[in-house]
$ cat run_22.csv   # CSV, C-alpha atoms and all ligand atoms
chain,number,residue,atom,x,y,z
A,1,MET,CA,22.4,15.1,-8.8
A,2,TYR,CA,21.3,15.6,-5.2
A,3,GLY,CA,18.7,17.2,-2.9
A,4,ARG,CA,16.7,20.1,-4.4
A,5,GLN,CA,18.1,19.6,-7.9
A,6,LYS,CA,17.0,16.0,-7.9
A,7,ILE,CA,13.5,16.8,-6.6
A,8,LYS,CA,13.1,19.4,-9.4
A,9,PHE,CA,14.4,17.0,-12.0
A,10,LEU,CA,11.9,14.3,-10.9
A,11,LEU,CA,9.0,16.8,-11.0
A,12,SER,CA,10.0,18.2,-14.4
A,13,GLN,CA,10.1,14.6,-15.8
A,14,LEU,CA,6.6,13.9,-14.3
A,15,GLU,CA,5.4,17.1,-15.9
A,16,ALA,CA,6.9,16.1,-19.3
A,17,ALA,CA,5.0,12.9,-19.0
A,18,GLY,CA,1.7,14.9,-18.5
A,19,ARG,CA,1.5,14.6,-14.7
A,20,ARG,CA,1.1,18.2,-13.5
A,21,SER,CA,3.2,19.2,-10.5
A,22,THR,CA,1.0,19.2,-7.4
A,23,PRO,CA,2.2,19.9,-3.8
A,24,GLN,CA,1.4,16.3,-3.1
A,25,ARG,CA,3.6,15.0,-5.9
A,26,HIS,CA,6.3,17.4,-4.9
A,27,ALA,CA,6.1,16.0,-1.3
A,28,VAL,CA,6.4,12.4,-2.7
A,29,CYS,CA,9.5,13.3,-4.7
A,30,GLN,CA,11.0,15.2,-1.7
A,31,ALA,CA,10.4,12.3,0.6
A,32,LEU,CA,12.0,9.9,-1.9
A,33,VAL,CA,15.1,12.0,-2.3
A,34,GLU,CA,15.4,12.9,1.4
A,35,HIS,CA,15.0,9.2,2.5
A,36,GLY,CA,17.7,8.2,0.1
A,37,GLY,CA,18.8,4.6,0.1
A,38,HIS,CA,16.0,2.1,-0.8
A,39,PRO,CA,12.7,3.3,0.6
A,40,THR,CA,9.4,1.3,0.4
A,41,VAL,CA,6.0,3.0,-0.4
A,42,ALA,CA,5.3,2.8,3.3
A,43,ASP,CA,8.6,4.7,4.1
A,44,VAL,CA,7.6,7.5,1.7
A,45,PHE,CA,4.0,7.5,2.8
A,46,GLU,CA,5.1,8.0,6.4
A,47,ARG,CA,7.2,11.0,5.5
A,48,VAL,CA,4.6,12.6,3.2
A,49,ARG,CA,1.8,12.2,5.8
A,50,ALA,CA,3.8,14.4,8.2
A,51,ILE,CA,3.2,17.3,5.7
A,52,PHE,CA,-0.1,16.2,4.2
A,53,PRO,CA,-2.0,14.2,6.9
A,54,MET,CA,-4.9,13.6,4.5
A,55,ILE,CA,-2.9,12.2,1.6
A,56,SER,CA,-3.9,8.7,0.5
A,57,GLN,CA,-1.5,5.9,0.1
A,58,ALA,CA,-2.8,5.5,-3.5
A,59,THR,CA,-1.5,9.0,-4.3
A,60,VAL,CA,1.9,8.1,-3.0
A,61,TYR,CA,1.8,4.7,-4.8
A,62,ASN,CA,0.7,6.3,-8.1
A,63,THR,CA,3.4,8.8,-8.1
A,64,ILE,CA,6.1,6.2,-7.3
A,65,ASP,CA,4.6,3.9,-10.0
A,66,THR,CA,4.9,6.7,-12.6
A,67,LEU,CA,8.4,7.5,-11.6
A,68,GLN,CA,9.3,3.9,-12.1
A,69,GLU,CA,7.5,3.6,-15.4
A,70,LEU,CA,9.5,6.6,-16.6
A,71,GLY,CA,12.7,4.8,-15.5
A,72,LEU,CA,13.6,7.5,-12.9
A,73,ILE,CA,13.6,5.1,-10.0
A,74,GLN,CA,14.2,1.4,-10.0
A,75,GLN,CA,12.2,-1.3,-8.4
A,76,LEU,CA,14.1,-3.8,-6.1
A,77,ASP,CA,12.3,-7.0,-5.4
A,78,ILE,CA,14.2,-8.6,-2.6
A,79,ALA,CA,13.6,-12.2,-1.6
A,80,ASN,CA,11.7,-12.5,1.7
A,81,HIS,CA,11.0,-8.8,1.9
A,82,GLU,CA,7.3,-8.2,2.1
A,83,HIS,CA,7.4,-4.8,0.4
A,84,THR,CA,9.0,-3.6,-2.7
A,85,HIS,CA,12.0,-1.2,-2.3
A,86,TYR,CA,12.8,1.5,-4.7
A,87,ASP,CA,16.3,2.6,-5.7
A,88,LEU,CA,16.9,6.2,-6.5
A,89,ASP,CA,20.4,5.7,-7.7
A,90,LEU,CA,20.4,4.6,-11.3
A,91,ARG,CA,24.1,4.3,-11.6
A,92,PRO,CA,25.1,0.6,-12.0
A,93,HIS,CA,25.9,-0.7,-8.5
A,94,ILE,CA,25.6,-3.8,-6.4
A,95,ASN,CA,22.8,-3.9,-3.8
A,96,ILE,CA,23.9,-6.1,-0.9
A,97,VAL,CA,21.1,-7.3,1.2
A,98,CYS,CA,21.5,-8.7,4.7
A,99,THR,CA,19.4,-11.8,5.0
A,100,ARG,CA,19.2,-11.4,8.8
A,101,CYS,CA,18.4,-7.7,9.4
A,102,GLY,CA,17.3,-6.7,5.9
A,103,ILE,CA,19.7,-3.7,5.6
A,104,ILE,CA,20.6,-2.9,2.0
A,105,THR,CA,24.1,-1.6,1.3
A,106,ASP,CA,25.3,-0.1,-2.0
A,107,LEU,CA,28.6,-1.0,-3.5
A,108,TYR,CA,30.0,0.9,-6.4
A,109,THR,CA,32.8,-1.0,-8.2
A,110,GLU,CA,34.4,-0.7,-11.6
A,111,SER,CA,34.3,-4.6,-11.7
A,112,LEU,CA,30.5,-4.4,-12.2
A,113,HIS,CA,31.1,-2.3,-15.3
A,114,ILE,CA,33.6,-4.9,-16.6
A,115,LEU,CA,31.2,-7.7,-15.8
A,116,LEU,CA,28.3,-6.1,-17.6
A,117,THR,CA,30.5,-5.4,-20.6
A,118,GLN,CA,31.4,-9.1,-20.6
A,119,VAL,CA,27.7,-10.1,-20.3
A,120,SER,CA,26.9,-8.0,-23.3
A,121,GLN,CA,29.8,-9.4,-25.3
A,122,HIS,CA,29.0,-13.1,-24.5
A,123,SER,CA,25.2,-12.8,-24.8
A,124,SER,CA,24.9,-10.2,-27.6
A,125,TYR,CA,22.3,-8.5,-25.4
A,126,ARG,CA,22.3,-4.7,-25.2
A,127,ILE,CA,22.5,-4.2,-21.5
A,128,ASP,CA,20.3,-1.8,-19.7
A,129,PRO,CA,22.6,1.1,-18.6
A,130,HIS,CA,21.0,1.2,-15.2
A,131,SER,CA,21.5,-2.5,-14.5
A,132,SER,CA,22.3,-3.2,-10.8
A,133,LEU,CA,22.9,-6.5,-9.1
A,134,LEU,CA,21.3,-8.0,-6.1
A,135,VAL,CA,23.6,-10.0,-3.8
A,136,TYR,CA,22.6,-11.6,-0.4
A,137,GLY,CA,24.8,-12.1,2.6
A,138,LEU,CA,25.2,-11.3,6.3
A,139,CYS,CA,26.2,-7.7,7.2
A,140,PRO,CA,29.2,-7.2,9.6
A,141,ALA,CA,26.9,-6.5,12.6
A,142,CYS,CA,24.8,-9.6,12.0
A,143,GLN,CA,28.0,-11.7,11.6
A,144,ARG,CA,29.1,-10.6,15.1
A,145,VAL,CA,25.6,-11.4,16.5
A,146,THR,CA,25.6,-14.9,15.0
A,147,GLU,CA,29.1,-15.4,16.4
A,148,TRP,CA,27.9,-14.6,19.9
A,149,ASP,CA,25.0,-17.0,19.4
A,150,ARG,CA,27.5,-19.7,18.7
A,151,VAL,CA,29.5,-18.9,21.9
A,152,ASP,CA,26.4,-19.2,24.1
B,1,ZN,ZN,22.4,-7.5,9.1
B,2,ZN,ZN,21.0,0.7,-4.3

$ encode --input "run_22.csv" --output "structure tokens"
Amino acid sequence: MYGRQKIKFLLSQLEAAGRRSTPQRHAVCQALVEHGGHPTVADVFERVRAIFPMISQATVYNTIDTLQELGLIQQLDIANHEHTHYDLDLRPHINIVCTRCGIITDLYTESLHILLTQVSQHSSYRIDPHSSLLVYGLCPACQRVTEWDRVD
């Protein structure tokens, strides 16, 4: 689900949970979807403020909070990142975080599905179908930079 369809879906889910659809909530959902990737509240606030200069950060925060409570977006707490990121993609995937520049890259691999199935089998847990993994490393660009550092 992408773009307009996804925005509509998020709003309809908010409405189903008793949060009526307001232009502000629409703008928050739109900003989330259009940002894509793993935005923070500040990223979303910045985009929404371009449309609603008077909107408060609390409105943005509350809408994001509700979406998370409803399981429509996922909270990503990344070590050494001051702010919480949100993941809009609920398909199981691996979030790879660069420990140097902070970029977050998504990796979709069938191996994760196999791993989660094994986890379930070995632990007797019923695994959350939206389970994602967080992995840390150095992105290719930062690897090059750190190599140059070594040469100097
Ligand atoms: Zn990097
Ligand atoms: Zn992700």

$ closest_atom_pairs --input "run_22.csv" --of "chain A" --to "ligand ZN 2 (chain B)" --cutoff "7 Å" --atoms "all atoms listed in the file" --output "Markdown table"
| residue | atom | partner | partner_atom | distance |
| --- | --- | --- | --- | --- |
| A:Gly37 | CA | B:ZN2 | ZN | 6.3 |
| A:His38 | CA | B:ZN2 | ZN | 6.3 |
| A:Asp87 | CA | B:ZN2 | ZN | 5.3 |
| A:Asp89 | CA | B:ZN2 | ZN | 6.1 |
| A:His93 | CA | B:ZN2 | ZN | 6.6 |
| A:Ile94 | CA | B:ZN2 | ZN | 6.8 |
| A:Asn95 | CA | B:ZN2 | ZN | 5.0 |
| A:Thr105 | CA | B:ZN2 | ZN | 6.8 |
| A:Asp106 | CA | B:ZN2 | ZN | 4.9 |

$ residues_near_point --input "run_22.csv" --point "(12.0, 10.2, -13.5)" --cutoff "10 Å" --atoms "all atoms listed in the file" --output "MDAnalysis selection string"
chainID A and resid 6:7 9:17 29 64 66:74 88

$ closest_atom_pairs --input "run_22.csv" --of "chain A" --to "ligand ZN 1 (chain B)" --cutoff "6 Å" --atoms "all atoms listed in the file" --output "Markdown table"
| residue | atom | partner | partner_atom | distance |
| --- | --- | --- | --- | --- |
| A:Cys98 | CA | B:ZN1 | ZN | 4.6 |
| A:Arg100 | CA | B:ZN1 | ZN | 5.1 |
| A:Cys101 | CA | B:ZN1 | ZN | 4.0 |
| A:Ile103 | CA | B:ZN1 | ZN | 5.8 |
| A:Leu138 | CA | B:ZN1 | ZN | 5.5 |
| A:Cys139 | CA | B:ZN1 | ZN | 4.3 |
| A:Ala141 | CA | B:ZN1 | ZN | 5.8 |
| A:Cys142 | CA | B:ZN1 | ZN | 4.3 |

$ atom_distance --input "run_22.csv" --atom1 "atom CA of Ala79 of chain A" --atom2 "atom CA of Asn62 of chain A"
23.5 Å

$ closest_residue --input "run_22.csv" --among "A:Gly18, A:Leu32, A:Ser131, A:Gly137" --to "Val119 of chain A" --atoms "only C-alpha atoms"
A:Ser131

$ closest_residue --input "run_22.csv" --among "A:Pro92, A:Ile51, A:Thr59, A:Gln143" --to "Ile114 of chain A" --atoms "only C-alpha atoms"
A:Pro92

$ decode --input "run_22.csv" --residues "segment 8-41 of chain A" --atoms "C-alpha atoms" --output "PDB file, in the first residue's frame"
ATOM      1  CA  LYS A   8      -6.526   6.994   3.568  1.00  0.00           C
ATOM      2  CA  PHE A   9      -5.957   3.699   5.342  1.00  0.00           C
ATOM      3  CA  LEU A  10      -4.210   5.329   8.323  1.00  0.00           C
ATOM      4  CA  LEU A  11      -6.990   7.937   8.633  1.00  0.00           C
ATOM      5  CA  SER A  12      -9.738   5.314   8.441  1.00  0.00           C
ATOM      6  CA  GLN A  13      -8.009   3.306  11.162  1.00  0.00           C
ATOM      7  CA  LEU A  14      -7.756   6.436  13.334  1.00  0.00           C
ATOM      8  CA  GLU A  15     -11.456   7.060  12.778  1.00  0.00           C
ATOM      9  CA  ALA A  16     -12.297   3.469  13.640  1.00  0.00           C
ATOM     10  CA  ALA A  17     -10.444   4.053  16.915  1.00  0.00           C
ATOM     11  CA  GLY A  18     -12.611   7.107  17.616  1.00  0.00           C
ATOM     12  CA  ARG A  19     -10.195   9.828  16.439  1.00  0.00           C
ATOM     13  CA  ARG A  20     -12.102  11.875  13.952  1.00  0.00           C
ATOM     14  CA  SER A  21     -10.355  12.830  10.767  1.00  0.00           C
ATOM     15  CA  THR A  22      -9.151  16.433  10.956  1.00  0.00           C
ATOM     16  CA  PRO A  23      -7.078  18.311   8.382  1.00  0.00           C
ATOM     17  CA  GLN A  24      -4.232  18.280  10.920  1.00  0.00           C
ATOM     18  CA  ARG A  25      -4.359  14.498  11.387  1.00  0.00           C
ATOM     19  CA  HIS A  26      -4.561  14.116   7.638  1.00  0.00           C
ATOM     20  CA  ALA A  27      -1.431  16.267   7.309  1.00  0.00           C
ATOM     21  CA  VAL A  28       0.403  14.143   9.899  1.00  0.00           C
ATOM     22  CA  CYS A  29      -0.471  10.913   8.057  1.00  0.00           C
ATOM     23  CA  GLN A  30       0.481  12.484   4.749  1.00  0.00           C
ATOM     24  CA  ALA A  31       3.825  13.681   6.134  1.00  0.00           C
ATOM     25  CA  LEU A  32       4.572  10.232   7.539  1.00  0.00           C
ATOM     26  CA  VAL A  33       3.774   8.487   4.269  1.00  0.00           C
ATOM     27  CA  GLU A  34       5.549  11.031   2.088  1.00  0.00           C
ATOM     28  CA  HIS A  35       8.657  11.038   4.285  1.00  0.00           C
ATOM     29  CA  GLY A  36       8.808   7.259   4.021  1.00  0.00           C
ATOM     30  CA  GLY A  37      11.738   5.528   5.638  1.00  0.00           C
ATOM     31  CA  HIS A  38      12.079   6.079   9.368  1.00  0.00           C
ATOM     32  CA  PRO A  39      11.004   9.593  10.344  1.00  0.00           C
ATOM     33  CA  THR A  40      11.200  11.099  13.831  1.00  0.00           C
ATOM     34  CA  VAL A  41       8.441  13.282  15.324  1.00  0.00           C
TER      35      VAL A  41
END
